[in-house]
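K.L.:
To start, I am sharing the structure in question, which I have written as structure tokens.
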Amino acid sequence: MSSVYDRLAKIIMDVMHLEEHEIQPTLTFNDLEVDSLGLVELILVAQKEYGISIADDDLHANLTLEQAAAVLETKVVPAR
Amino acid sequence: MTGTFDAAVTGLGMVTAAGIGTAASWERIVAGAGTAAADISALAGTPVDFGCPVADFDPLVMVGRRQAWRLDRSSQLAVAAAREALQDAGLDTSSWDAARVGVVLGNFVGGAATWEKQHKVLLSEGATEVSPMLVPMLSINMSAGYVAMECGARGPNFVAATACASGTTAIGLARELLRAGTCDVVLTGGTEACLVPSIISGFSQMGALAPRPADIGTASRPFDVARNGFVPAEGAAVLVLERPAAASARGATVRAFVSGYGASADAHHATAPDPDGAGAESALRAALADAGRDPTMVDHVNAHGTSTPLNDVAEARMIRRVLGGRPVVTSVKGTLGHALGAAGAIEAAATVLTVQHSLVPPTANLDSQDPAIDLDVVTKSARQSAVEVAVSNSFGFGGQNAVLVITRA
């Protein structure tokens with residue numbers, strides 16, 4: 001898995017108090033009971049974590065974490 | 001008015017500074033030591049940095065990991081108390097008629113900690129960083145909403161706000177839902193969690209709070225000649241109310257009855273009680289009339305007794321005038337501090353337990369009773385006393401008064 005995915009998983013663990021084994025790449029936000037408000041909460045944290053800007057329609061609750069990480073990956077400017 | 005009406009208390013849940021759970025809370029309330037007061041890190045640097053928090057409350061355990069982060073602490077405490085109350089009542093939430101189960105809670109200031117935190121975010125990081133959870137965590141009605149989500153109660157659902165009388169008002173209104181035939185079961189009580197700098201500084205600036213004594217456990221001293229303010233607290237209590245016939249039909253244990261409710265307004269001042277206690281008296285008389293009890297029948301008063309100079313003397317004079325010197329009086333705020341919108345609910349729960357166990361807890365820290373308070377106040381240790389009829393007083397800012405009559409089942 002990409003480091004973007006790992007960092008996304010860490011954010012979900014921190015914000016939603018989920019445990020590592022509960023978070024799987026093929027699960028959707030809905031599967032994790034992260035609703036639309038929860039997703040906005042995650043986006044706020046992720047923007048800070050990645051230093052990027054995420055629009056409301058970039059992510060939605062039916063995306064798997066793997067798909068979400070791929071969306072974030074396109075926005076993350078390589079460090080070097 | 002269609003005669004008297006008893007609401008059966010079939011379940012209790014308490015999350016207080018005295019303990020998590022009814023048994024732990026009651027044990028410490030009966031012991032009557034004001035040991036609940038503690039330093040509160042969130043209040044560091046403010047003039048009054050101590051209070052009565054619910055120590056060791058782990059929301060991940062009490063509310064559940066997937067839910068806890070969405071709820072302000074005020075709702076977390078309510079959900080935890082409601083869970084205990086439902087379990088105590090032995091109600092099967094999968095088979096009950098959910099549309100006829102109501103939730104009526106009392107609350108004073110809503111999700112104060114969340115609001116304060118997000119207001120800091122607004123000021124330091126800007127509007128686009130404010131949490132989308134702010135409004136659902138802040139709104140004063142949400143504790144009742146989350147209790148319904150917790151157990152699937154789909155009947156009338158609201159929060160009553162009468163400041164420090166909110167919990168008492170809520171229970172009074174919950175009983176009306178049973179009496180009117182609107183509900184078969186109502187979960188009712190109150191919650192409060194506002195031990196945060198802005199709110200506590202506000203109380204401090206009013207001069208309402210007790211300053212820090214050498215031993216902070218002695219700061220809350222209702223009816224004592226040296227009382228000098230209240231000690232802020234947090235907590236929640238939930239009672240399950242049912243009609244007595246329904247309770248006995250399903251073989252439930254009835255701890256006590258809520259048999260009367262009275263409410264009034266002082267129409268006097270924002271925060272000072274009417275010195276004559278006229279509003280409080282009218283609420284007490286209305287509650288007794290509602291219960292069909294004469295003032296001479298009252299055995300016990302669980303007083304509002306905040307430990308402020310003005311409240312305690314005005315309340316004591318009113319009790320003496322209406323009920324005479326016979327009732328055994330206590331204020332559990334010596335032990336618990338003042339849990340504001342939850343106080344009335346916690347005290348109603350304590351009164352239910354007093355009636356059930358014929359045991360009046362002492363007023364903690366009452367060493368030298370104010371000579372202006374001419375009442376039989378229990379001090380030092382709990383008193384065994386058969387209580388058939390008890391009243392629980394609550395008086396809120398805005399001059400809003402609420403009184404419950406609680407009787408032996």
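Chains: A, B, ... in order of the structure tokens. Residues: from 1 per chain. Ligands: from 1, in order shown.
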I need the chain B residues near chain A as a list of chain:residue names; criterion: at most 9 Å, counting only C-alpha atoms.

P.N.:
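Going by the stated atoms only, the list reads B:Leu60, B:Arg65, B:Arg66, B:Gln67, B:Ala68, B:Trp69, B:Arg70, B:Thr128, B:Glu129, B:Val130, B:Ser131, B:Pro132, B:Met133.
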
K.L.:
Write down as JSON, numbers by chain the residues of segment 237-273 of chain B whose backbone DSSP state falls under helix (DSSP H, G or I).

P.N.:
{"B": [244, 245, 246, 247, 248, 249]}

K.L.:
Could you write out the selected residues, including N, CA and C atoms, as a compact mmCIF listing (two decimals), in the first residue's frame?

P.N.:
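The new file part.txt reads:
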# COMPACT_ATOMS: atom_id res chain seq x y z
N PRO B 244 -47.80 2.70 36.41
CA PRO B 244 -47.65 1.63 37.40
C PRO B 244 -48.26 0.30 36.94
N ALA B 245 -49.39 0.36 36.27
CA ALA B 245 -50.04 -0.88 35.83
C ALA B 245 -49.16 -1.62 34.84
N ALA B 246 -48.55 -0.87 33.92
CA ALA B 246 -47.68 -1.50 32.92
C ALA B 246 -46.44 -2.08 33.59
N ALA B 247 -45.92 -1.35 34.56
CA ALA B 247 -44.72 -1.82 35.25
C ALA B 247 -45.02 -3.12 35.99
N SER B 248 -46.16 -3.15 36.69
CA SER B 248 -46.45 -4.37 37.46
C SER B 248 -46.84 -5.52 36.53
N ALA B 249 -47.47 -5.19 35.39
CA ALA B 249 -47.85 -6.25 34.44
C ALA B 249 -46.62 -6.99 33.91

K.L.:
Just the residues within 12 Å of His21 of chain A, please, counting only C-alpha atoms, with nothing from its chain fewer than 4 positions along; format it as a list in words.

P.N.:
Ala9, Lys10, Met13, His17, Pro25, Leu27 and Leu32 of chain A

K.L.:
Can you spit out the residues from that selection as a compact mmCIF listing (two decimals), in the first residue's frame, using N, CA, C and O atoms?

P.N.:
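This went into result-v7.txt:
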# COMPACT_ATOMS: atom_id res chain seq x y z
N ALA A 9 -5.28 5.91 6.62
CA ALA A 9 -5.72 4.95 7.64
C ALA A 9 -5.43 5.50 9.04
O ALA A 9 -6.25 5.39 9.96
N LYS A 10 -4.27 6.12 9.20
CA LYS A 10 -3.89 6.69 10.49
C LYS A 10 -4.85 7.82 10.89
O LYS A 10 -5.26 7.92 12.05
N MET A 13 -8.03 6.31 12.06
CA MET A 13 -7.84 5.74 13.42
C MET A 13 -7.85 6.85 14.47
O MET A 13 -8.46 6.72 15.52
N HIS A 17 -11.40 6.82 16.10
CA HIS A 17 -11.07 5.83 17.13
C HIS A 17 -11.24 4.39 16.63
O HIS A 17 -11.56 3.50 17.41
N PRO A 25 -8.38 -1.76 2.84
CA PRO A 25 -8.42 -0.97 1.61
C PRO A 25 -9.73 -1.11 0.82
O PRO A 25 -10.14 -0.19 0.13
N LEU A 27 -12.73 -1.56 2.04
CA LEU A 27 -13.93 -1.05 2.73
C LEU A 27 -14.21 0.39 2.30
O LEU A 27 -13.29 1.16 2.05
N LEU A 32 -17.40 1.89 7.23
CA LEU A 32 -16.79 2.27 8.52
C LEU A 32 -17.70 3.21 9.31
O LEU A 32 -17.28 3.77 10.32

K.L.:
Step one, run DSSP on the backbone; step two, keep only residues of segment 319-371 of chain B assigned to strand (DSSP E or B); then write them as JSON, numbers by chain.

P.N.:
{"B": [328, 329, 330, 338, 359, 360, 363, 369]}

K.L.:
Can you build me a table of segment 69-153 of chain B residues sitting at most 8 Å from segment 9-19 of chain B, with the closest atom pair per residue and its distance in Å to one decimal, using only C-alpha atoms, sorted by chain and residue number, as a Markdown table?

P.N.:
| residue | atom | partner | partner_atom | distance |
| --- | --- | --- | --- | --- |
| B:Leu77 | CA | B:Val15 | CA | 6.6 |
| B:Ala80 | CA | B:Val15 | CA | 7.3 |
| B:Ala81 | CA | B:Gly13 | CA | 4.4 |
| B:Ala82 | CA | B:Gly13 | CA | 6.0 |
| B:Arg83 | CA | B:Gly13 | CA | 7.2 |
| B:Glu84 | CA | B:Gly13 | CA | 4.7 |
| B:Ala85 | CA | B:Gly13 | CA | 4.2 |
| B:Leu86 | CA | B:Gly11 | CA | 6.2 |
| B:Gln87 | CA | B:Gly11 | CA | 7.4 |
| B:Asp88 | CA | B:Gly11 | CA | 4.8 |
| B:Ala89 | CA | B:Gly11 | CA | 4.1 |
| B:Gly90 | CA | B:Gly11 | CA | 7.8 |

K.L.:
List as an mmCIF file with C-alpha atoms, in the first residue's frame the protein and nucleic acid residues near segment 279-288 of chain B, meaning an atom at most 7 Å away when only C-alpha atoms are counted, but skip any in the same chain fewer than 3 places from it.

P.N.:
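What landed in around.cif:
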data_model
loop_
_atom_site.group_PDB
_atom_site.id
_atom_site.type_symbol
_atom_site.label_atom_id
_atom_site.label_comp_id
_atom_site.auth_asym_id
_atom_site.auth_seq_id
_atom_site.Cartn_x
_atom_site.Cartn_y
_atom_site.Cartn_z
ATOM 1 C CA GLY B 260 -46.280 15.434 41.532
ATOM 2 C CA TYR B 261 -44.744 18.284 39.584
ATOM 3 C CA GLY B 262 -45.022 22.021 40.019
ATOM 4 C CA ALA B 263 -43.426 24.882 38.133
ATOM 5 C CA SER B 264 -43.364 28.645 38.359
ATOM 6 C CA ALA B 265 -41.389 31.787 37.595
ATOM 7 C CA ASP B 266 -40.108 34.380 40.064
ATOM 8 C CA ALA B 291 -49.657 14.865 44.054
ATOM 9 C CA GLY B 292 -52.754 15.271 46.225
ATOM 10 C CA ARG B 293 -50.535 15.590 49.324
ATOM 11 C CA ASP B 294 -50.830 18.080 52.139
ATOM 12 C CA PRO B 295 -47.679 20.036 53.123
ATOM 13 C CA MET B 318 -39.516 28.888 52.091
ATOM 14 C CA ASN B 401 -38.598 26.947 39.522
ATOM 15 C CA ALA B 402 -39.489 23.259 39.381
ATOM 16 C CA VAL B 403 -40.405 20.835 42.143
ATOM 17 C CA LEU B 404 -41.075 17.099 42.054
ATOM 18 C CA VAL B 405 -42.951 15.029 44.611
#

K.L.:
Residues near segment 134-142 of chain B, anyone? I mean within 7 Å using only C-alpha atoms, not counting same-chain ones fewer than 2 positions away, as number ranges by chain.

P.N.:
B: 71-72, 75, 107, 109-112, 114-115, 118, 131-132, 144-146, 158-159

K.L.:
Could you write those residues out with C-alpha atoms, as a PDB file, in the first residue's frame?

P.N.:
ATOM      1  CA  LEU B  71     -20.905  13.241  20.519  1.00  0.00           C
ATOM      2  CA  ASP B  72     -20.058  16.163  22.742  1.00  0.00           C
ATOM      3  CA  SER B  75     -24.361  13.750  25.085  1.00  0.00           C
ATOM      4  CA  ASN B 107     -29.712  20.614  29.836  1.00  0.00           C
ATOM      5  CA  VAL B 109     -25.638  25.001  27.944  1.00  0.00           C
ATOM      6  CA  GLY B 110     -25.324  22.174  25.401  1.00  0.00           C
ATOM      7  CA  GLY B 111     -21.990  21.224  23.889  1.00  0.00           C
ATOM      8  CA  ALA B 112     -19.938  23.963  25.505  1.00  0.00           C
ATOM      9  CA  THR B 114     -17.129  21.626  21.446  1.00  0.00           C
ATOM     10  CA  TRP B 115     -18.219  25.210  20.845  1.00  0.00           C
ATOM     11  CA  GLN B 118     -14.265  25.186  17.395  1.00  0.00           C
ATOM     12  CA  SER B 131     -15.664  21.150  12.098  1.00  0.00           C
ATOM     13  CA  PRO B 132     -18.888  20.112  10.343  1.00  0.00           C
ATOM     14  CA  ALA B 144     -32.079  13.462  23.850  1.00  0.00           C
ATOM     15  CA  GLY B 145     -31.624  12.799  20.140  1.00  0.00           C
ATOM     16  CA  TYR B 146     -28.625  10.576  20.751  1.00  0.00           C
ATOM     17  CA  PHE B 158     -36.900  16.978  23.375  1.00  0.00           C
ATOM     18  CA  VAL B 159     -34.709  18.818  25.833  1.00  0.00           C
TER      19      VAL B 159
END

K.L.:
I need the residue nearest Ser3 of chain A from this list: A:Lys75, A:Leu59, A:Glu49, A:Ala69. Use only C-alpha atoms for the distance.

P.N.:
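Comparing A:Lys75, A:Leu59, A:Glu49, A:Ala69 against Ser3 of chain A, the winner is A:Ala69.
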
K.L.:
Can you work out the spacing between atom CA of Ala390 of chain B and atom CA of Val104 of chain B in Å, to one decimal?

P.N.:
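Between atom CA of Ala390 of chain B and atom CA of Val104 of chain B the gap works out to 22.0 Å.
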
K.L.:
Excluding segment 370-383 of chain B and residues on its chain fewer than 4 positions from it, collect all residues at most 8 Å away from it, counting only C-alpha atoms, and give them as a list in words.

P.N.:
Val30, Ala31, Gly32, Phe223, Asp224, Val225, Ala226, Asp312, Val313, Ala316, Arg317, Arg320, Gly325, Arg326, Pro327, Val328, Val329, Thr330, Leu359, Val360, Pro361, Pro362, Thr363, Ala364, Asn365 and Leu366 of chain B

K.L.:
With only C-alpha atoms as the basis for distance, which of B:Val391, B:Ala303, B:Ala343, B:Val48 is at the shortest distance from Gly229 of chain B?

P.N.:
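Of B:Val391, B:Ala303, B:Ala343, B:Val48, the one nearest Gly229 of chain B is B:Val48, counting only C-alpha atoms.
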
K.L.:
What gap, in Å, lies between atom CA of Leu105 of chain B and atom CA of Asp274 of chain B?

P.N.:
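Atom-to-atom, atom CA of Leu105 of chain B and atom CA of Asp274 of chain B are spaced 26.3 Å apart.
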
K.L.:
When you look at Tyr50 of chain A with a cut-off of 9 Å (counting only C-alpha atoms), what residues show up, excluding the ones that are within fewer than 4 positions of it in the same chain? I need them as a PyMOL selection string.

P.N.:
chain A and resi 4+7+45-46+72+75-76

K.L.:
A:Asp35, A:Glu73, A:Glu66, A:Glu22: which is nearest Ile52 of chain A, counting only C-alpha atoms?

P.N.:
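Using only C-alpha atoms, the shortest distance to Ile52 of chain A belongs to A:Glu73.
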